[in-house]
Amino acid sequence: MNQQPYILFLLSSARVLQLRDGTGIPTGFWAEELVVPWNLLKNAGWTLYIGTPEGNIPIVDPDSLDMANLNYDRQKAVQLAEQLSRISELEHPVSLQSLQAGQMDLMQGLFIPGGNGPLMDLAKSADVACLLQHCRDHRKVLATLCHGSAALLATAHDYSAPPFSGNPVTCFSAAEEAATALAGRWPYTLEEHLRNAGFLVSVGESWQSHVVEDAQILSGQNPASAASLTEAFIQRLLFQTNKENRQ
């Protein structure tokens with residue numbers, strides 16, 4: 001990693017989503033939820049890195065490139081796959097444990113895309129909890145998208161509650177989960193788990209863009225929220241940078 005300010009994308013590296021009925025299906029990160037913010041932030045001039053809890057290479061959730069999940073837009077599916085192939089950082093993710101203090105200080109913001117993978121690993125990782133605690137303590141800009149908000153459930157061994165418990169957030173809603181092919185089979189309902197962990201969860205209309213902006217967390221409900229969430233994230237980054245320059 002170069003010694004310059006950067007944005008870290010935290011991705012799940014889970015391969016299998018364990019369902020309530022005991023079966024497992026392929027999982028990973030959601031293509032659109034990485035590609036859209038990655039391109040917007042890259043075009044805005046930011047240095048970008050990808051991290052996973054243990055430095056394992058993340059894989060794209062095959063469902064995120066399935067035509068049925070893209071309104072049968074073949075061109076969109078082709079473009080997403082092509083744009084993913086251009087993100088060379090996917091082949092060289094950093095592990096959270098390898099991030100040294102100086103590198104953490106240079107991180108200006110943390111963006112956590114969804115896909116179903118975060119339900120399996122990000123939500124249960126003490127290293128993720130420590131990274132979130134660093135963001136909270138040092139007021140780093142944080143954004144979570146869709147099931148990426150599952151990362152907010154992570155706790156470290158020396159904390160009794162998730163670092164951002166009590167903050168307003170959004171996530172892929174229970175209504176949206178119930179409208180998918182996995183209805184009734186999800187490992188757990190993320191909206192419910194976030195509420196039980198003390199988060200103030202707000203959800204909007206299914207499949208429509210919905211972004212919640214809090215002083216410490218920016219969050220988007222679903223893939224349709226990717227662009228608007230990223231624009232809010234960029235504006236918060238610029239505000240924070242200008243504030244630091246004035247001090």
# chains A, B, ... in the order shown; residues from 1 in each chain; ligands from 1
$ closest_atom_pairs --of "stretch 55-141 of chain A" --to "stretch 219-237 of chain A" --cutoff "9 Å" --atoms "only C-alpha atoms" --output "JSON lines"
{"residue": "A:Gln108", "atom": "CA", "partner": "A:Leu237", "partner_atom": "CA", "distance": 7.3}
{"residue": "A:Gly109", "atom": "CA", "partner": "A:Leu237", "partner_atom": "CA", "distance": 7.2}
{"residue": "A:Phe111", "atom": "CA", "partner": "A:Phe233", "partner_atom": "CA", "distance": 8.6}
{"residue": "A:Pro113", "atom": "CA", "partner": "A:Ala226", "partner_atom": "CA", "distance": 8.7}
{"residue": "A:Gly114", "atom": "CA", "partner": "A:Asn222", "partner_atom": "CA", "distance": 8.3}
{"residue": "A:Lys140", "atom": "CA", "partner": "A:Leu237", "partner_atom": "CA", "distance": 8.7}
{"residue": "A:Val141", "atom": "CA", "partner": "A:Leu237", "partner_atom": "CA", "distance": 6.5}
$ closest_atom_pairs --of "stretch 32-77 of chain A" --to "stretch 84-88 of chain A" --cutoff "10 Å" --atoms "only C-alpha atoms" --output "JSON lines"
{"residue": "A:Glu32", "atom": "CA", "partner": "A:Leu84", "partner_atom": "CA", "distance": 9.2}
{"residue": "A:Leu34", "atom": "CA", "partner": "A:Leu84", "partner_atom": "CA", "distance": 8.4}
{"residue": "A:Val35", "atom": "CA", "partner": "A:Leu84", "partner_atom": "CA", "distance": 6.6}
{"residue": "A:Trp38", "atom": "CA", "partner": "A:Ile87", "partner_atom": "CA", "distance": 8.8}
{"residue": "A:Asn39", "atom": "CA", "partner": "A:Ile87", "partner_atom": "CA", "distance": 9.7}
{"residue": "A:Tyr49", "atom": "CA", "partner": "A:Ser88", "partner_atom": "CA", "distance": 9.9}
{"residue": "A:Ile50", "atom": "CA", "partner": "A:Ile87", "partner_atom": "CA", "distance": 9.6}
{"residue": "A:Val60", "atom": "CA", "partner": "A:Leu84", "partner_atom": "CA", "distance": 8.8}
$ write_last_selection --atoms "all heavy atoms" --output "compact mmCIF listing (two decimals), in the first residue's frame"
# COMPACT_ATOMS: atom_id res chain seq x y z
N GLU A 32 -22.92 -5.18 -8.70
CA GLU A 32 -23.29 -3.78 -8.86
C GLU A 32 -22.90 -2.93 -7.66
O GLU A 32 -22.55 -1.76 -7.80
CB GLU A 32 -24.80 -3.68 -9.11
CG GLU A 32 -25.30 -2.29 -9.43
CD GLU A 32 -26.78 -2.26 -9.77
OE1 GLU A 32 -27.43 -3.34 -9.72
OE2 GLU A 32 -27.30 -1.17 -10.10
N LEU A 34 -20.32 -3.22 -5.82
CA LEU A 34 -18.90 -2.87 -5.86
C LEU A 34 -18.60 -1.97 -7.06
O LEU A 34 -17.95 -0.94 -6.92
CB LEU A 34 -18.02 -4.12 -5.94
CG LEU A 34 -16.53 -3.84 -6.16
CD1 LEU A 34 -15.93 -3.02 -5.02
CD2 LEU A 34 -15.75 -5.14 -6.37
N VAL A 35 -19.09 -2.34 -8.22
CA VAL A 35 -18.73 -1.64 -9.45
C VAL A 35 -19.16 -0.18 -9.43
O VAL A 35 -18.37 0.72 -9.77
CB VAL A 35 -19.33 -2.36 -10.68
CG1 VAL A 35 -19.26 -1.47 -11.92
CG2 VAL A 35 -18.61 -3.68 -10.93
N TRP A 38 -17.16 1.87 -6.80
CA TRP A 38 -15.74 1.85 -7.19
C TRP A 38 -15.49 2.83 -8.33
O TRP A 38 -14.55 3.64 -8.27
CB TRP A 38 -15.36 0.44 -7.62
CG TRP A 38 -13.89 0.28 -7.94
CD1 TRP A 38 -13.27 0.54 -9.14
CD2 TRP A 38 -12.86 -0.16 -7.03
NE1 TRP A 38 -11.92 0.28 -9.04
CE2 TRP A 38 -11.64 -0.16 -7.76
CE3 TRP A 38 -12.86 -0.57 -5.71
CZ2 TRP A 38 -10.43 -0.54 -7.19
CZ3 TRP A 38 -11.65 -0.97 -5.14
CH2 TRP A 38 -10.46 -0.94 -5.88
N ASN A 39 -16.33 2.79 -9.36
CA ASN A 39 -16.14 3.68 -10.50
C ASN A 39 -16.31 5.14 -10.12
O ASN A 39 -15.55 6.02 -10.56
CB ASN A 39 -17.11 3.31 -11.62
CG ASN A 39 -16.73 2.01 -12.31
OD1 ASN A 39 -15.59 1.55 -12.21
ND2 ASN A 39 -17.67 1.42 -13.02
N TYR A 49 -8.40 0.60 -2.28
CA TYR A 49 -7.90 -0.74 -1.98
C TYR A 49 -9.08 -1.62 -1.58
O TYR A 49 -10.14 -1.13 -1.18
CB TYR A 49 -6.88 -0.70 -0.83
CG TYR A 49 -5.59 -0.02 -1.19
CD1 TYR A 49 -5.29 1.26 -0.71
CD2 TYR A 49 -4.64 -0.65 -2.00
CE1 TYR A 49 -4.09 1.89 -1.03
CE2 TYR A 49 -3.45 -0.03 -2.33
CZ TYR A 49 -3.18 1.24 -1.84
OH TYR A 49 -2.00 1.86 -2.17
N ILE A 50 -8.85 -2.92 -1.67
CA ILE A 50 -9.85 -3.89 -1.25
C ILE A 50 -9.28 -4.71 -0.11
O ILE A 50 -8.11 -5.14 -0.15
CB ILE A 50 -10.25 -4.81 -2.43
CG1 ILE A 50 -11.13 -4.02 -3.41
CG2 ILE A 50 -10.98 -6.06 -1.93
CD1 ILE A 50 -11.46 -4.77 -4.67
N VAL A 60 -17.37 -12.90 -6.72
CA VAL A 60 -18.66 -12.27 -6.98
C VAL A 60 -19.77 -13.30 -6.78
O VAL A 60 -19.64 -14.47 -7.14
CB VAL A 60 -18.69 -11.68 -8.40
CG1 VAL A 60 -18.56 -12.76 -9.47
CG2 VAL A 60 -19.94 -10.85 -8.61
$ residues_around --residues "A:Thr52" --least-positions-apart "5" --cutoff "12 Å" --atoms "only C-alpha atoms" --output "MDAnalysis selection string"
chainID A and resid 8:14 28:29 57:59 89:99 111:113 117:118 121:122 125 127:128 131 151
$ closest_residue --among "A:Val36, A:Ala81, A:Leu106, A:Gln133" --to "A:Ala161" --atoms "only C-alpha atoms"
A:Gln133
$ closest_residue --among "A:Thr189, A:Gln103, A:Gln4, A:Asn116" --to "A:Ile25" --atoms "only C-alpha atoms"
A:Asn116
$ atom_distance --atom1 "atom CA of A:Gly166" --atom2 "atom CA of A:Ala215"
12.1 Å
$ atom_distance --atom1 "atom CA of A:Pro168" --atom2 "atom CA of A:His134"
18.7 Å
$ residues_around --residues "A:Ser202" --least-positions-apart "3" --cutoff "12 Å" --atoms "only C-alpha atoms" --output "list in words"
Asn167, Pro168, Val169, Thr170, Cys171, Phe172, Ser173, Ala174, Glu191, Glu192, Leu194, Arg195, Phe199, Glu205, His210, Val211, Val212, Glu213, Asp214, Ser219, Gly220 and Gln221 of chain A
$ write_last_selection --atoms "N, CA, C and O atoms" --output "tab-separated table (two decimals), in the first residue's frame"
chain	number	residue	atom	x	y	z
A	167	ASN	N	-26.93	3.82	16.39
A	167	ASN	CA	-26.96	4.76	15.28
A	167	ASN	C	-28.06	4.41	14.28
A	167	ASN	O	-28.40	3.24	14.10
A	168	PRO	N	-28.58	5.41	13.56
A	168	PRO	CA	-29.54	5.15	12.49
A	168	PRO	C	-28.86	4.50	11.29
A	168	PRO	O	-27.79	4.94	10.87
A	169	VAL	N	-29.47	3.46	10.74
A	169	VAL	CA	-28.94	2.78	9.56
A	169	VAL	C	-30.09	2.25	8.72
A	169	VAL	O	-31.24	2.21	9.15
A	170	THR	N	-29.74	1.80	7.52
A	170	THR	CA	-30.68	1.03	6.72
A	170	THR	C	-29.96	-0.20	6.19
A	170	THR	O	-28.73	-0.33	6.32
A	171	CYS	N	-30.72	-1.11	5.59
A	171	CYS	CA	-30.16	-2.35	5.06
A	171	CYS	C	-31.19	-2.96	4.12
A	171	CYS	O	-32.31	-2.46	3.99
A	172	PHE	N	-30.81	-4.05	3.46
A	172	PHE	CA	-31.77	-4.79	2.65
A	172	PHE	C	-32.90	-5.20	3.58
A	172	PHE	O	-32.68	-5.84	4.61
A	173	SER	N	-34.11	-4.81	3.23
A	173	SER	CA	-35.22	-4.91	4.19
A	173	SER	C	-35.77	-6.32	4.30
A	173	SER	O	-35.58	-7.17	3.42
A	174	ALA	N	-36.52	-6.54	5.38
A	174	ALA	CA	-37.20	-7.83	5.57
A	174	ALA	C	-38.20	-8.06	4.45
A	174	ALA	O	-38.37	-9.20	3.98
A	191	GLU	N	-32.52	-7.02	8.93
A	191	GLU	CA	-33.23	-5.89	9.54
A	191	GLU	C	-33.56	-6.18	11.00
A	191	GLU	O	-33.35	-5.34	11.89
A	192	GLU	N	-34.05	-7.37	11.27
A	192	GLU	CA	-34.41	-7.77	12.64
A	192	GLU	C	-33.18	-7.83	13.53
A	192	GLU	O	-33.19	-7.34	14.67
A	194	LEU	N	-30.32	-6.26	13.23
A	194	LEU	CA	-29.80	-4.91	13.51
A	194	LEU	C	-30.63	-4.23	14.58
A	194	LEU	O	-30.09	-3.57	15.49
A	195	ARG	N	-31.94	-4.35	14.50
A	195	ARG	CA	-32.81	-3.75	15.53
A	195	ARG	C	-32.50	-4.36	16.90
A	195	ARG	O	-32.39	-3.64	17.91
A	199	PHE	N	-29.59	-0.94	16.80
A	199	PHE	CA	-29.55	0.05	15.72
A	199	PHE	C	-30.95	0.60	15.44
A	199	PHE	O	-31.94	-0.11	15.62
A	205	GLU	N	-39.20	2.10	0.48
A	205	GLU	CA	-39.95	1.25	-0.43
A	205	GLU	C	-39.02	0.21	-1.05
A	205	GLU	O	-37.88	0.49	-1.38
A	210	HIS	N	-32.84	4.21	-1.20
A	210	HIS	CA	-33.11	4.75	0.14
A	210	HIS	C	-31.78	4.84	0.87
A	210	HIS	O	-31.09	3.84	1.04
A	211	VAL	N	-31.41	6.05	1.26
A	211	VAL	CA	-30.13	6.30	1.93
A	211	VAL	C	-30.38	6.97	3.26
A	211	VAL	O	-31.20	7.91	3.36
A	212	VAL	N	-29.72	6.51	4.29
A	212	VAL	CA	-29.79	7.11	5.62
A	212	VAL	C	-28.44	7.76	5.91
A	212	VAL	O	-27.40	7.09	5.86
A	213	GLU	N	-28.46	9.04	6.20
A	213	GLU	CA	-27.23	9.78	6.50
A	213	GLU	C	-27.22	10.15	7.98
A	213	GLU	O	-28.09	10.87	8.45
A	214	ASP	N	-26.24	9.63	8.68
A	214	ASP	CA	-26.05	9.93	10.10
A	214	ASP	C	-24.69	10.59	10.25
A	214	ASP	O	-23.86	10.57	9.34
A	219	SER	N	-25.64	4.85	4.99
A	219	SER	CA	-26.03	3.50	4.59
A	219	SER	C	-27.09	3.54	3.50
A	219	SER	O	-27.91	4.46	3.45
A	220	GLY	N	-27.05	2.53	2.63
A	220	GLY	CA	-28.01	2.40	1.54
A	220	GLY	C	-28.73	1.07	1.64
A	220	GLY	O	-28.15	0.07	2.07
A	221	GLN	N	-29.98	1.05	1.21
A	221	GLN	CA	-30.84	-0.11	1.45
A	221	GLN	C	-30.59	-1.28	0.50
A	221	GLN	O	-30.70	-2.43	0.91
$ select_by_dssp --residues "stretch 60-240 of chain A" --states "helix (DSSP H, G or I)" --output "ChimeraX atom specification"
/A:62-65,67-70,74-85,88-91,96-98,101-106,117-119,122-124,126-137,146-153,174-178,190-196,223-240
$ residues_around --residues "A:Met120" --least-positions-apart "6" --cutoff "8 Å" --atoms "only C-alpha atoms" --output "MDAnalysis selection string"
chainID A and resid 14 16:18
$ write_last_selection --atoms "N, CA and C atoms" --output "PDB file, in the first residue's frame"
ATOM      1  N   ALA A  14     -16.643 -14.829   1.856  1.00  0.00           N
ATOM      2  CA  ALA A  14     -17.410 -16.068   2.042  1.00  0.00           C
ATOM      3  C   ALA A  14     -17.751 -16.684   0.692  1.00  0.00           C
ATOM      4  N   VAL A  16     -19.931 -19.636   0.676  1.00  0.00           N
ATOM      5  CA  VAL A  16     -21.182 -20.389   0.838  1.00  0.00           C
ATOM      6  C   VAL A  16     -22.101 -19.660   1.810  1.00  0.00           C
ATOM      7  N   LEU A  17     -23.370 -19.533   1.421  1.00  0.00           N
ATOM      8  CA  LEU A  17     -24.399 -19.002   2.307  1.00  0.00           C
ATOM      9  C   LEU A  17     -25.140 -20.187   2.917  1.00  0.00           C
ATOM     10  N   GLN A  18     -25.031 -20.335   4.244  1.00  0.00           N
ATOM     11  CA  GLN A  18     -25.701 -21.429   4.940  1.00  0.00           C
ATOM     12  C   GLN A  18     -27.139 -21.025   5.255  1.00  0.00           C
TER      13      GLN A  18
END
$ select_by_dssp --residues "stretch 139-179 of chain A" --states "strand (DSSP E or B)" --output "ChimeraX atom specification"
/A:141-145,168-169
